Structures are given as C-alpha cells and as structure tokens.
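J.: My structure is stored as data_32.txt, with compact mmCIF, N, CA, C and O atoms.
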# COMPACT_ATOMS: atom_id res chain seq x y z
N MET A 96 -28.12 37.92 -34.48
CA MET A 96 -28.11 37.45 -33.11
C MET A 96 -28.89 36.15 -32.99
O MET A 96 -28.51 35.30 -32.18
N LEU A 97 -29.91 36.00 -33.74
CA LEU A 97 -30.72 34.79 -33.67
C LEU A 97 -29.94 33.58 -34.16
O LEU A 97 -30.11 32.48 -33.64
N GLY A 98 -29.02 33.77 -35.11
CA GLY A 98 -28.19 32.67 -35.62
C GLY A 98 -27.27 32.12 -34.56
O GLY A 98 -27.01 30.92 -34.51
N ILE A 99 -26.75 32.98 -33.69
CA ILE A 99 -25.88 32.53 -32.61
C ILE A 99 -26.65 31.67 -31.61
O ILE A 99 -26.16 30.67 -31.12
N ALA A 100 -27.87 32.05 -31.32
CA ALA A 100 -28.70 31.29 -30.38
C ALA A 100 -28.94 29.88 -30.90
O ALA A 100 -28.92 28.92 -30.15
N PHE A 101 -29.19 29.73 -32.23
CA PHE A 101 -29.40 28.41 -32.79
C PHE A 101 -28.09 27.60 -32.80
O PHE A 101 -28.10 26.39 -32.61
N ALA A 102 -26.96 28.26 -32.97
CA ALA A 102 -25.68 27.57 -33.00
C ALA A 102 -25.32 27.02 -31.62
O ALA A 102 -24.67 25.98 -31.51
N MET A 103 -25.76 27.70 -30.56
CA MET A 103 -25.46 27.26 -29.21
C MET A 103 -26.50 26.31 -28.64
O MET A 103 -26.31 25.75 -27.57
N ALA A 104 -27.56 26.09 -29.32
CA ALA A 104 -28.64 25.22 -28.83
C ALA A 104 -28.22 23.77 -28.91
O ALA A 104 -27.32 23.38 -29.66
N ALA A 105 -28.90 22.92 -28.14
CA ALA A 105 -28.64 21.48 -28.15
C ALA A 105 -29.08 20.90 -29.49
O ALA A 105 -29.99 21.42 -30.12
N PRO A 106 -28.47 19.83 -29.94
CA PRO A 106 -28.88 19.21 -31.19
C PRO A 106 -30.29 18.66 -31.07
O PRO A 106 -30.76 18.39 -29.96
N PRO A 107 -30.96 18.45 -32.18
CA PRO A 107 -32.31 17.89 -32.12
C PRO A 107 -32.31 16.54 -31.41
O PRO A 107 -31.43 15.71 -31.63
N GLY A 108 -33.24 16.34 -30.54
CA GLY A 108 -33.29 15.10 -29.77
C GLY A 108 -32.71 15.29 -28.38
O GLY A 108 -32.80 14.42 -27.54
N GLY A 109 -32.11 16.43 -28.10
CA GLY A 109 -31.59 16.76 -26.77
C GLY A 109 -30.41 15.90 -26.37
O GLY A 109 -29.67 15.36 -27.19
N ALA A 110 -30.23 15.74 -25.09
CA ALA A 110 -29.10 15.00 -24.55
C ALA A 110 -29.26 13.50 -24.73
O ALA A 110 -28.34 12.74 -24.55
N GLN A 111 -30.45 13.04 -25.09
CA GLN A 111 -30.70 11.62 -25.22
C GLN A 111 -30.28 11.06 -26.57
O GLN A 111 -30.46 9.89 -26.83
N SER A 112 -29.69 11.91 -27.41
CA SER A 112 -29.34 11.42 -28.74
C SER A 112 -28.24 10.35 -28.69
O SER A 112 -28.18 9.48 -29.52
N GLY A 113 -27.35 10.39 -27.65
CA GLY A 113 -26.31 9.39 -27.53
C GLY A 113 -26.81 8.12 -26.88
O GLY A 113 -26.32 7.04 -27.14
N GLY A 114 -27.77 8.23 -26.02
CA GLY A 114 -28.34 7.08 -25.34
C GLY A 114 -27.35 6.41 -24.42
O GLY A 114 -26.48 7.05 -23.82
N ALA A 115 -27.46 5.12 -24.30
CA ALA A 115 -26.61 4.35 -23.40
C ALA A 115 -25.17 4.32 -23.89
O ALA A 115 -24.24 4.26 -23.11
N MET A 116 -24.98 4.38 -25.20
CA MET A 116 -23.63 4.36 -25.75
C MET A 116 -22.85 5.61 -25.34
O MET A 116 -21.66 5.53 -25.04
N GLY A 117 -23.51 6.75 -25.28
CA GLY A 117 -22.85 7.99 -24.85
C GLY A 117 -22.43 7.92 -23.39
O GLY A 117 -21.35 8.37 -23.02
N ALA A 118 -23.27 7.35 -22.55
CA ALA A 118 -22.94 7.21 -21.13
C ALA A 118 -21.77 6.24 -20.96
O ALA A 118 -20.88 6.47 -20.13
N PHE A 119 -21.76 5.16 -21.72
CA PHE A 119 -20.67 4.19 -21.66
C PHE A 119 -19.35 4.83 -22.07
O PHE A 119 -18.32 4.60 -21.44
N GLN A 120 -19.39 5.64 -23.12
CA GLN A 120 -18.17 6.30 -23.59
C GLN A 120 -17.67 7.33 -22.58
O GLN A 120 -16.48 7.59 -22.50
N ALA A 121 -18.56 7.90 -21.79
CA ALA A 121 -18.14 8.86 -20.77
C ALA A 121 -17.50 8.17 -19.57
O ALA A 121 -16.60 8.71 -18.94
N ILE A 122 -17.97 6.96 -19.23
CA ILE A 122 -17.46 6.24 -18.06
C ILE A 122 -16.20 5.44 -18.39
O ILE A 122 -15.38 5.21 -17.52
N LEU A 123 -16.04 5.05 -19.62
CA LEU A 123 -14.91 4.21 -20.02
C LEU A 123 -13.54 4.78 -19.63
O LEU A 123 -12.72 4.05 -19.07
N PRO A 124 -13.25 6.07 -19.84
CA PRO A 124 -11.94 6.59 -19.41
C PRO A 124 -11.73 6.50 -17.89
O PRO A 124 -10.62 6.24 -17.44
N LEU A 125 -12.81 6.67 -17.12
CA LEU A 125 -12.68 6.56 -15.67
C LEU A 125 -12.35 5.14 -15.25
O LEU A 125 -11.56 4.92 -14.33
N VAL A 126 -12.94 4.17 -15.94
CA VAL A 126 -12.65 2.77 -15.63
C VAL A 126 -11.19 2.45 -15.95
O VAL A 126 -10.50 1.79 -15.16
N PHE A 127 -10.69 2.93 -17.08
CA PHE A 127 -9.29 2.71 -17.43
C PHE A 127 -8.35 3.38 -16.42
O PHE A 127 -7.34 2.79 -16.05
N MET A 128 -8.68 4.58 -15.97
CA MET A 128 -7.84 5.26 -15.00
C MET A 128 -7.80 4.49 -13.68
O MET A 128 -6.74 4.36 -13.06
N PHE A 129 -8.96 3.99 -13.23
CA PHE A 129 -8.99 3.21 -12.00
C PHE A 129 -8.16 1.94 -12.14
O PHE A 129 -7.43 1.57 -11.22
N ALA A 130 -8.25 1.28 -13.29
CA ALA A 130 -7.48 0.06 -13.51
C ALA A 130 -5.98 0.35 -13.45
O ALA A 130 -5.21 -0.41 -12.86
N ILE A 131 -5.55 1.44 -14.04
CA ILE A 131 -4.14 1.82 -14.03
C ILE A 131 -3.69 2.09 -12.59
O ILE A 131 -2.64 1.61 -12.15
N PHE A 132 -4.48 2.87 -11.83
CA PHE A 132 -4.14 3.15 -10.43
C PHE A 132 -4.09 1.87 -9.62
O PHE A 132 -3.22 1.70 -8.77
N TYR A 133 -5.02 0.96 -9.85
CA TYR A 133 -5.06 -0.28 -9.09
C TYR A 133 -3.80 -1.10 -9.33
O TYR A 133 -3.16 -1.55 -8.37
N PHE A 134 -3.43 -1.30 -10.59
CA PHE A 134 -2.28 -2.17 -10.88
C PHE A 134 -0.93 -1.51 -10.62
O PHE A 134 0.06 -2.20 -10.38
N LEU A 135 -0.86 -0.18 -10.67
CA LEU A 135 0.42 0.49 -10.44
C LEU A 135 0.62 0.96 -9.01
O LEU A 135 1.77 1.06 -8.55
N LEU A 136 -0.45 1.24 -8.28
CA LEU A 136 -0.30 1.80 -6.94
C LEU A 136 -0.91 0.94 -5.84
O LEU A 136 -0.24 0.59 -4.87
N ILE A 137 -2.17 0.60 -5.96
CA ILE A 137 -2.89 -0.04 -4.87
C ILE A 137 -2.43 -1.48 -4.65
O ILE A 137 -2.11 -1.88 -3.54
N ARG A 138 -2.39 -2.26 -5.71
CA ARG A 138 -2.04 -3.69 -5.58
C ARG A 138 -0.63 -3.90 -5.03
O ARG A 138 -0.44 -4.70 -4.11
N PRO A 139 0.40 -3.21 -5.56
CA PRO A 139 1.75 -3.41 -4.99
C PRO A 139 1.84 -2.99 -3.52
O PRO A 139 2.53 -3.63 -2.73
N GLN A 140 1.11 -1.94 -3.15
CA GLN A 140 1.15 -1.49 -1.76
C GLN A 140 0.49 -2.52 -0.84
O GLN A 140 0.99 -2.80 0.25
N GLN A 141 -0.63 -3.11 -1.28
CA GLN A 141 -1.28 -4.14 -0.48
C GLN A 141 -0.40 -5.38 -0.35
O GLN A 141 -0.34 -5.99 0.71
N LYS A 142 0.30 -5.72 -1.42
CA LYS A 142 1.19 -6.89 -1.39
C LYS A 142 2.34 -6.66 -0.41
O LYS A 142 2.68 -7.55 0.38
N LYS A 143 2.90 -5.46 -0.42
CA LYS A 143 4.01 -5.15 0.49
C LYS A 143 3.53 -5.15 1.94
O LYS A 143 4.23 -5.65 2.83
N ALA A 144 2.33 -4.63 2.19
CA ALA A 144 1.79 -4.61 3.55
C ALA A 144 1.53 -6.03 4.04
O ALA A 144 1.78 -6.35 5.21
N LYS A 145 1.06 -6.91 3.17
CA LYS A 145 0.81 -8.30 3.54
C LYS A 145 2.12 -9.01 3.88
O LYS A 145 2.20 -9.76 4.85
N GLU A 146 3.17 -8.75 3.10
CA GLU A 146 4.48 -9.35 3.38
C GLU A 146 5.02 -8.87 4.72
O GLU A 146 5.62 -9.64 5.47
N HIS A 147 4.81 -7.58 5.04
CA HIS A 147 5.29 -7.03 6.31
C HIS A 147 4.54 -7.66 7.48
O HIS A 147 5.15 -7.99 8.51
N ARG A 148 3.21 -7.84 7.36
CA ARG A 148 2.44 -8.50 8.41
C ARG A 148 2.93 -9.94 8.63
O ARG A 148 3.05 -10.40 9.76
N THR A 149 3.23 -10.63 7.52
CA THR A 149 3.75 -12.00 7.63
C THR A 149 5.08 -12.01 8.35
O THR A 149 5.34 -12.87 9.19
N LEU A 150 5.94 -11.05 8.03
CA LEU A 150 7.25 -10.94 8.70
C LEU A 150 7.07 -10.73 10.20
O LEU A 150 7.71 -11.39 11.01
N LEU A 151 6.17 -9.82 10.58
CA LEU A 151 5.96 -9.53 12.00
C LEU A 151 5.38 -10.72 12.73
O LEU A 151 5.74 -10.99 13.88
N ASP A 152 4.50 -11.45 12.09
CA ASP A 152 3.90 -12.63 12.72
C ASP A 152 4.90 -13.77 12.89
O ASP A 152 4.75 -14.61 13.77
N SER A 153 5.93 -13.80 12.03
CA SER A 153 6.90 -14.91 12.09
C SER A 153 8.14 -14.58 12.92
O SER A 153 9.05 -15.40 13.00
N LEU A 154 8.18 -13.39 13.54
CA LEU A 154 9.33 -13.03 14.37
C LEU A 154 9.47 -14.00 15.54
O LEU A 154 8.48 -14.40 16.16
N LYS A 155 10.70 -14.38 15.84
CA LYS A 155 10.96 -15.25 16.97
C LYS A 155 12.27 -14.85 17.63
O LYS A 155 13.05 -14.07 17.06
N ARG A 156 12.49 -15.36 18.78
CA ARG A 156 13.70 -15.04 19.53
C ARG A 156 14.93 -15.51 18.75
O ARG A 156 14.95 -16.61 18.19
N GLY A 157 15.94 -14.66 18.67
CA GLY A 157 17.18 -14.98 17.97
C GLY A 157 17.26 -14.41 16.57
O GLY A 157 18.32 -14.44 15.96
N ASP A 158 16.16 -13.91 16.04
CA ASP A 158 16.17 -13.31 14.70
C ASP A 158 16.99 -12.02 14.69
O ASP A 158 16.90 -11.21 15.61
N GLN A 159 17.78 -11.85 13.66
CA GLN A 159 18.51 -10.60 13.45
C GLN A 159 17.61 -9.69 12.62
O GLN A 159 17.18 -10.08 11.54
N VAL A 160 17.32 -8.49 13.12
CA VAL A 160 16.38 -7.60 12.45
C VAL A 160 16.98 -6.20 12.26
O VAL A 160 17.96 -5.83 12.91
N VAL A 161 16.34 -5.45 11.38
CA VAL A 161 16.64 -4.04 11.17
C VAL A 161 15.35 -3.29 11.41
O VAL A 161 14.29 -3.66 10.89
N THR A 162 15.41 -2.23 12.23
CA THR A 162 14.21 -1.44 12.51
C THR A 162 14.02 -0.37 11.45
O THR A 162 14.91 -0.12 10.63
N ALA A 163 12.85 0.27 11.48
CA ALA A 163 12.55 1.35 10.54
C ALA A 163 13.50 2.53 10.75
O ALA A 163 13.75 3.30 9.83
N GLY A 164 14.04 2.67 11.95
CA GLY A 164 14.99 3.73 12.24
C GLY A 164 16.42 3.39 11.86
O GLY A 164 17.32 4.20 11.99
N GLY A 165 16.64 2.15 11.41
CA GLY A 165 17.96 1.75 10.96
C GLY A 165 18.79 1.02 12.00
O GLY A 165 19.96 0.74 11.76
N MET A 166 18.23 0.72 13.16
CA MET A 166 18.98 0.01 14.19
C MET A 166 19.01 -1.49 13.88
O MET A 166 18.00 -2.06 13.51
N HIS A 167 20.17 -2.08 14.07
CA HIS A 167 20.35 -3.51 13.86
C HIS A 167 20.44 -4.18 15.22
O HIS A 167 21.07 -3.65 16.14
N GLY A 168 19.82 -5.33 15.35
CA GLY A 168 19.89 -6.03 16.62
C GLY A 168 19.30 -7.42 16.53
O GLY A 168 18.84 -7.85 15.47
N LYS A 169 19.33 -8.10 17.67
CA LYS A 169 18.83 -9.47 17.76
C LYS A 169 17.63 -9.48 18.70
O LYS A 169 17.67 -8.88 19.78
N VAL A 170 16.57 -10.14 18.27
CA VAL A 170 15.36 -10.24 19.09
C VAL A 170 15.67 -11.13 20.29
O VAL A 170 16.06 -12.29 20.13
N SER A 171 15.52 -10.55 21.50
CA SER A 171 15.78 -11.34 22.71
C SER A 171 14.49 -11.74 23.40
O SER A 171 14.51 -12.53 24.33
N GLY A 172 13.37 -11.20 22.93
CA GLY A 172 12.09 -11.58 23.50
C GLY A 172 10.96 -10.80 22.86
O GLY A 172 11.16 -9.70 22.33
N ILE A 173 9.77 -11.39 22.88
CA ILE A 173 8.59 -10.73 22.32
C ILE A 173 7.48 -10.84 23.36
O ILE A 173 7.19 -11.92 23.86
N ASP A 174 6.89 -9.69 23.69
CA ASP A 174 5.80 -9.65 24.66
C ASP A 174 4.64 -8.90 24.02
O ASP A 174 4.54 -7.68 24.14
N GLY A 175 3.78 -9.62 23.30
CA GLY A 175 2.65 -8.99 22.64
C GLY A 175 3.10 -8.12 21.50
O GLY A 175 3.63 -8.59 20.50
N ASP A 176 2.92 -6.79 21.66
CA ASP A 176 3.29 -5.84 20.61
C ASP A 176 4.66 -5.21 20.86
O ASP A 176 5.09 -4.34 20.12
N ILE A 177 5.35 -5.65 21.90
CA ILE A 177 6.66 -5.10 22.26
C ILE A 177 7.74 -6.15 21.95
O ILE A 177 7.61 -7.32 22.28
N VAL A 178 8.82 -5.69 21.32
CA VAL A 178 9.96 -6.56 21.00
C VAL A 178 11.16 -6.07 21.80
O VAL A 178 11.48 -4.88 21.78
N ASN A 179 11.80 -6.98 22.52
CA ASN A 179 13.05 -6.67 23.21
C ASN A 179 14.17 -6.92 22.21
O ASN A 179 14.34 -8.04 21.72
N LEU A 180 14.92 -5.88 21.91
CA LEU A 180 15.95 -5.95 20.89
C LEU A 180 17.31 -5.72 21.54
O LEU A 180 17.56 -4.68 22.15
N GLU A 181 18.19 -6.69 21.40
CA GLU A 181 19.54 -6.57 21.93
C GLU A 181 20.41 -5.95 20.85
O GLU A 181 20.66 -6.54 19.81
N ILE A 182 20.85 -4.70 21.10
CA ILE A 182 21.63 -3.98 20.10
C ILE A 182 23.13 -4.07 20.35
O ILE A 182 23.92 -3.76 19.45
N ALA A 183 23.51 -4.47 21.54
CA ALA A 183 24.91 -4.71 21.91
C ALA A 183 24.88 -5.69 23.08
O ALA A 183 23.85 -5.85 23.72
N PRO A 184 26.00 -6.36 23.35
CA PRO A 184 26.00 -7.30 24.48
C PRO A 184 25.59 -6.61 25.78
O PRO A 184 26.19 -5.63 26.21
N GLY A 185 24.48 -7.08 26.35
CA GLY A 185 23.98 -6.51 27.60
C GLY A 185 23.12 -5.27 27.45
O GLY A 185 22.65 -4.74 28.44
N VAL A 186 22.90 -4.78 26.23
CA VAL A 186 22.09 -3.59 26.00
C VAL A 186 20.81 -4.02 25.27
O VAL A 186 20.85 -4.39 24.10
N VAL A 187 19.70 -3.98 26.00
CA VAL A 187 18.41 -4.41 25.43
C VAL A 187 17.47 -3.21 25.44
O VAL A 187 17.31 -2.53 26.46
N ILE A 188 16.86 -2.95 24.30
CA ILE A 188 15.87 -1.88 24.20
C ILE A 188 14.53 -2.49 23.83
O ILE A 188 14.46 -3.60 23.30
N LYS A 189 13.46 -1.75 24.14
CA LYS A 189 12.12 -2.19 23.78
C LYS A 189 11.62 -1.34 22.62
O LYS A 189 11.74 -0.11 22.67
N ILE A 190 11.10 -2.01 21.60
CA ILE A 190 10.53 -1.29 20.47
C ILE A 190 9.15 -1.88 20.17
O ILE A 190 8.85 -3.00 20.54
N THR A 191 8.35 -1.10 19.49
CA THR A 191 7.05 -1.58 19.04
C THR A 191 7.26 -2.50 17.85
O THR A 191 8.06 -2.20 16.95
N LYS A 192 6.56 -3.60 17.84
CA LYS A 192 6.73 -4.63 16.82
C LYS A 192 6.59 -4.08 15.38
O LYS A 192 7.28 -4.52 14.47
N GLY A 193 5.70 -3.13 15.19
CA GLY A 193 5.46 -2.57 13.86
C GLY A 193 6.65 -1.85 13.26
O GLY A 193 6.71 -1.62 12.06
N TYR A 194 7.63 -1.47 14.10
CA TYR A 194 8.80 -0.77 13.60
C TYR A 194 9.92 -1.69 13.13
O TYR A 194 10.96 -1.20 12.70
N VAL A 195 9.72 -2.98 13.22
CA VAL A 195 10.69 -3.92 12.64
C VAL A 195 10.48 -3.87 11.14
O VAL A 195 9.40 -4.18 10.64
N ALA A 196 11.51 -3.45 10.41
CA ALA A 196 11.37 -3.27 8.96
C ALA A 196 11.69 -4.53 8.18
O ALA A 196 11.01 -4.86 7.21
N SER A 197 12.75 -5.24 8.60
CA SER A 197 13.14 -6.43 7.83
C SER A 197 14.03 -7.33 8.67
O SER A 197 14.56 -6.92 9.69
N LEU A 198 14.16 -8.55 8.18
CA LEU A 198 15.12 -9.46 8.78
C LEU A 198 16.48 -9.16 8.18
O LEU A 198 16.60 -8.90 6.98
N LYS A 199 17.50 -9.21 9.03
CA LYS A 199 18.86 -8.92 8.58
C LYS A 199 19.42 -10.16 7.87
O LYS A 199 19.30 -11.27 8.35
N LYS A 200 19.99 -9.93 6.72
CA LYS A 200 20.60 -11.02 5.96
C LYS A 200 22.00 -11.26 6.51
O LYS A 200 22.80 -10.37 6.65
N ASP A 201 22.32 -12.51 6.81
CA ASP A 201 23.66 -12.84 7.32
C ASP A 201 24.60 -13.16 6.19
O ASP A 201 24.33 -13.59 5.16
Could you show the structure in this file as structure tokens?
T.:
Amino acid sequence: MLGIAFAMAAPPGGAQSGGAMGAFQAILPLVFMFAIFYFLLIRPQQKKAKEHRTLLDSLKRGDQVVTAGGMHGKVSGIDGDIVNLEIAPGVVIKITKGYVASLKKD
C-alpha cells in the first residue's frame, strides 16, 4: 500500500518543476484556439456588420432594396430610422431601416 502512495505523489520539486515554461505550454493551446475563432468567426462577422452599416447609411430615395423578409421595393423616403418603401405603384409601407438587407441588383 505504501508503494501506491509514492506512485501517486507529486514529483520531487512539486508543481514548480516546470516553471514558466510549463505555464506557457498550458496557455499556448488556448491562444491558438482563440486565434482560430477570431479569424474564422469573429472577424468575418464584424466585417459583414460593418458593410451592412455602410449600406444603411448610404440609402437614398430611389434605391431598389430587398428587406430581410424578402420584400422588394423602391425607397420613396427616409425619416430617421423609418424607411418608406414603395412595393407597388401607390402602395407604400413603412419599415425599420435595419431590416433593409441589400440593394437590389438591376
């Protein structure tokens, strides 16, 4: 029984035997994982959000747009955060500016 206790004991010098190199080796995989998440998930999402903000800021009367719900129409006016969207001749609806998904390609 005494042999098992020695086998399970910490090596001579305790936890400090690895020193700073042991701590660096423990953190290194976490740094690599964060880098992978940043370049595969976070950065592309931030880039897409920036492009969408630019699109919303550049909206003007007469633009053909597609909403997040799939409606196609022409911007007939912008009042702050509200966009008047003409979806048919004489039919104008109001939508929130954030729901404009893209400009319609002609």
J.: Kindly give the distance, in Å, that separates atom CA of Val161 of chain A and atom CA of Phe134 of chain A, rounded to a single decimal.
T.: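 Spanning atom CA of Val161 of chain A to atom CA of Phe134 of chain A is a straight-line distance of 29.1 Å.
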J.: Mind listing the strand (DSSP E or B) residues of chain A, per DSSP on the backbone, as an MDAnalysis selection string?
T.: chainID A and resid 159:162 167:174 177:183 186:191 195:198
J.: Atom CA of Ala163 of chain A to atom CA of Lys142 of chain A: how many Å, to one decimal?
T.: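 For atom CA of Ala163 of chain A relative to atom CA of Lys142 of chain A, the distance reads 18.4 Å.
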J.: Write out as a VMD selection string each polymer residue whose atoms come within 5 Å of His167 of chain A, counting all atoms listed in the file; drop sequence neighbours fewer than 5 positions from it.
T.: chain A and resid 160 to 161 181 to 182
J.: Just to confirm, what's the straight-line distance from atom CA of Lys200 of chain A to atom O of Gln159 of chain A in Å (one decimal)?
T.: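 Atom-to-atom, atom CA of Lys200 of chain A to atom O of Gln159 of chain A, that is 6.6 Å.
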J.: For a quick check of understanding, using only C-alpha atoms, which of A:Leu154, A:Leu180, A:Ala144, A:Ala130 has the smallest distance to Met166 of chain A?
T.: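 Of all the options, A:Leu180 lies closest to Met166 of chain A.
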J.: Output as a Markdown table one row per residue of segment 136-176 of chain A within 8 Å of segment 188-195 of chain A: the closest atom pair and its distance in Å to one decimal place, counting all atoms listed in the file, sorted by chain and residue number ascending.
T.:
| residue | atom | partner | partner_atom | distance |
| --- | --- | --- | --- | --- |
| A:His147 | O | A:Val195 | O | 6.1 |
| A:Arg148 | N | A:Val195 | O | 7.9 |
| A:Leu150 | C | A:Val195 | O | 7.0 |
| A:Leu151 | CA | A:Lys192 | O | 5.7 |
| A:Asp152 | N | A:Lys192 | O | 7.8 |
| A:Val160 | C | A:Val195 | CA | 6.7 |
| A:Val161 | O | A:Val195 | C | 3.8 |
| A:Thr162 | CA | A:Tyr194 | O | 3.3 |
| A:Ala163 | N | A:Tyr194 | O | 2.7 |
| A:Gly164 | N | A:Tyr194 | O | 5.0 |
| A:Gly165 | N | A:Tyr194 | O | 6.7 |
| A:Met166 | O | A:Tyr194 | O | 7.1 |
| A:Lys169 | O | A:Ile188 | O | 7.1 |
| A:Val170 | CA | A:Ile188 | O | 7.9 |
| A:Ser171 | N | A:Ile188 | O | 7.3 |
| A:Gly172 | O | A:Ile188 | O | 7.0 |
| A:Ile173 | CA | A:Ile190 | O | 7.9 |
| A:Asp174 | O | A:Ile190 | O | 7.3 |
| A:Gly175 | O | A:Lys192 | CA | 6.2 |
| A:Asp176 | O | A:Lys192 | N | 2.8 |
J.: Would you export the selected residues with N, CA, C and O atoms as a JSON list (two decimals), in the coordinates of the input, please?
T.:
[["chain", "number", "residue", "atom", "x", "y", "z"],
["A", 147, "HIS", "N", 4.81, -7.58, 5.04],
["A", 147, "HIS", "CA", 5.29, -7.03, 6.31],
["A", 147, "HIS", "C", 4.54, -7.66, 7.48],
["A", 147, "HIS", "O", 5.15, -7.99, 8.51],
["A", 148, "ARG", "N", 3.21, -7.84, 7.36],
["A", 148, "ARG", "CA", 2.44, -8.50, 8.41],
["A", 148, "ARG", "C", 2.93, -9.94, 8.63],
["A", 148, "ARG", "O", 3.05, -10.40, 9.76],
["A", 150, "LEU", "N", 5.94, -11.05, 8.03],
["A", 150, "LEU", "CA", 7.25, -10.94, 8.70],
["A", 150, "LEU", "C", 7.07, -10.73, 10.20],
["A", 150, "LEU", "O", 7.71, -11.39, 11.01],
["A", 151, "LEU", "N", 6.17, -9.82, 10.58],
["A", 151, "LEU", "CA", 5.96, -9.53, 12.00],
["A", 151, "LEU", "C", 5.38, -10.72, 12.73],
["A", 151, "LEU", "O", 5.74, -10.99, 13.88],
["A", 152, "ASP", "N", 4.50, -11.45, 12.09],
["A", 152, "ASP", "CA", 3.90, -12.63, 12.72],
["A", 152, "ASP", "C", 4.90, -13.77, 12.89],
["A", 152, "ASP", "O", 4.75, -14.61, 13.77],
["A", 160, "VAL", "N", 17.32, -8.49, 13.12],
["A", 160, "VAL", "CA", 16.38, -7.60, 12.45],
["A", 160, "VAL", "C", 16.98, -6.20, 12.26],
["A", 160, "VAL", "O", 17.96, -5.83, 12.91],
["A", 161, "VAL", "N", 16.34, -5.45, 11.38],
["A", 161, "VAL", "CA", 16.64, -4.04, 11.17],
["A", 161, "VAL", "C", 15.35, -3.29, 11.41],
["A", 161, "VAL", "O", 14.29, -3.66, 10.89],
["A", 162, "THR", "N", 15.41, -2.23, 12.23],
["A", 162, "THR", "CA", 14.21, -1.44, 12.51],
["A", 162, "THR", "C", 14.02, -0.37, 11.45],
["A", 162, "THR", "O", 14.91, -0.12, 10.63],
["A", 163, "ALA", "N", 12.85, 0.27, 11.48],
["A", 163, "ALA", "CA", 12.55, 1.35, 10.54],
["A", 163, "ALA", "C", 13.50, 2.53, 10.75],
["A", 163, "ALA", "O", 13.75, 3.30, 9.83],
["A", 164, "GLY", "N", 14.04, 2.67, 11.95],
["A", 164, "GLY", "CA", 14.99, 3.73, 12.24],
["A", 164, "GLY", "C", 16.42, 3.39, 11.86],
["A", 164, "GLY", "O", 17.32, 4.20, 11.99],
["A", 165, "GLY", "N", 16.64, 2.15, 11.41],
["A", 165, "GLY", "CA", 17.96, 1.75, 10.96],
["A", 165, "GLY", "C", 18.79, 1.02, 12.00],
["A", 165, "GLY", "O", 19.96, 0.74, 11.76],
["A", 166, "MET", "N", 18.23, 0.72, 13.16],
["A", 166, "MET", "CA", 18.98, 0.01, 14.19],
["A", 166, "MET", "C", 19.01, -1.49, 13.88],
["A", 166, "MET", "O", 18.00, -2.06, 13.51],
["A", 169, "LYS", "N", 19.33, -8.10, 17.67],
["A", 169, "LYS", "CA", 18.83, -9.47, 17.76],
["A", 169, "LYS", "C", 17.63, -9.48, 18.70],
["A", 169, "LYS", "O", 17.67, -8.88, 19.78],
["A", 170, "VAL", "N", 16.57, -10.14, 18.27],
["A", 170, "VAL", "CA", 15.36, -10.24, 19.09],
["A", 170, "VAL", "C", 15.67, -11.13, 20.29],
["A", 170, "VAL", "O", 16.06, -12.29, 20.13],
["A", 171, "SER", "N", 15.52, -10.55, 21.50],
["A", 171, "SER", "CA", 15.78, -11.34, 22.71],
["A", 171, "SER", "C", 14.49, -11.74, 23.40],
["A", 171, "SER", "O", 14.51, -12.53, 24.33],
["A", 172, "GLY", "N", 13.37, -11.20, 22.93],
["A", 172, "GLY", "CA", 12.09, -11.58, 23.50],
["A", 172, "GLY", "C", 10.96, -10.80, 22.86],
["A", 172, "GLY", "O", 11.16, -9.70, 22.33],
["A", 173, "ILE", "N", 9.77, -11.39, 22.88],
["A", 173, "ILE", "CA", 8.59, -10.73, 22.32],
["A", 173, "ILE", "C", 7.48, -10.84, 23.36],
["A", 173, "ILE", "O", 7.19, -11.92, 23.86],
["A", 174, "ASP", "N", 6.89, -9.69, 23.69],
["A", 174, "ASP", "CA", 5.80, -9.65, 24.66],
["A", 174, "ASP", "C", 4.64, -8.90, 24.02],
["A", 174, "ASP", "O", 4.54, -7.68, 24.14],
["A", 175, "GLY", "N", 3.78, -9.62, 23.30],
["A", 175, "GLY", "CA", 2.65, -8.99, 22.64],
["A", 175, "GLY", "C", 3.10, -8.12, 21.50],
["A", 175, "GLY", "O", 3.63, -8.59, 20.50],
["A", 176, "ASP", "N", 2.92, -6.79, 21.66],
["A", 176, "ASP", "CA", 3.29, -5.84, 20.61],
["A", 176, "ASP", "C", 4.66, -5.21, 20.86],
["A", 176, "ASP", "O", 5.09, -4.34, 20.12]]
J.: Taking all atoms of segment 128-138 of chain A that appear in the file, build a box with edges along x, y and z, extend it by 4 Å on every side, and state its centre and edge lengths in Å to one decimal, as AutoDock Vina command-line options.
T.:
--center_x -3.6 --center_y 0.3 --center_z -9.8 --size_x 18.8 --size_y 18.0 --size_z 20.4
J.: Please determine, counting all atoms listed in the file, which residue among A:Lys199, A:Leu123, A:Pro139, A:Ile177 has the shortest atom-to-atom distance to Asp158 of chain A.
T.: A:Lys199
J.: For Val186 of chain A, which residue among A:Met116, A:Pro124, A:Gly168, A:Phe129 is the nearest when counting all atoms listed in the file?
T.: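 Once distances to Val186 of chain A are computed over all atoms listed in the file, the minimum belongs to A:Gly168.
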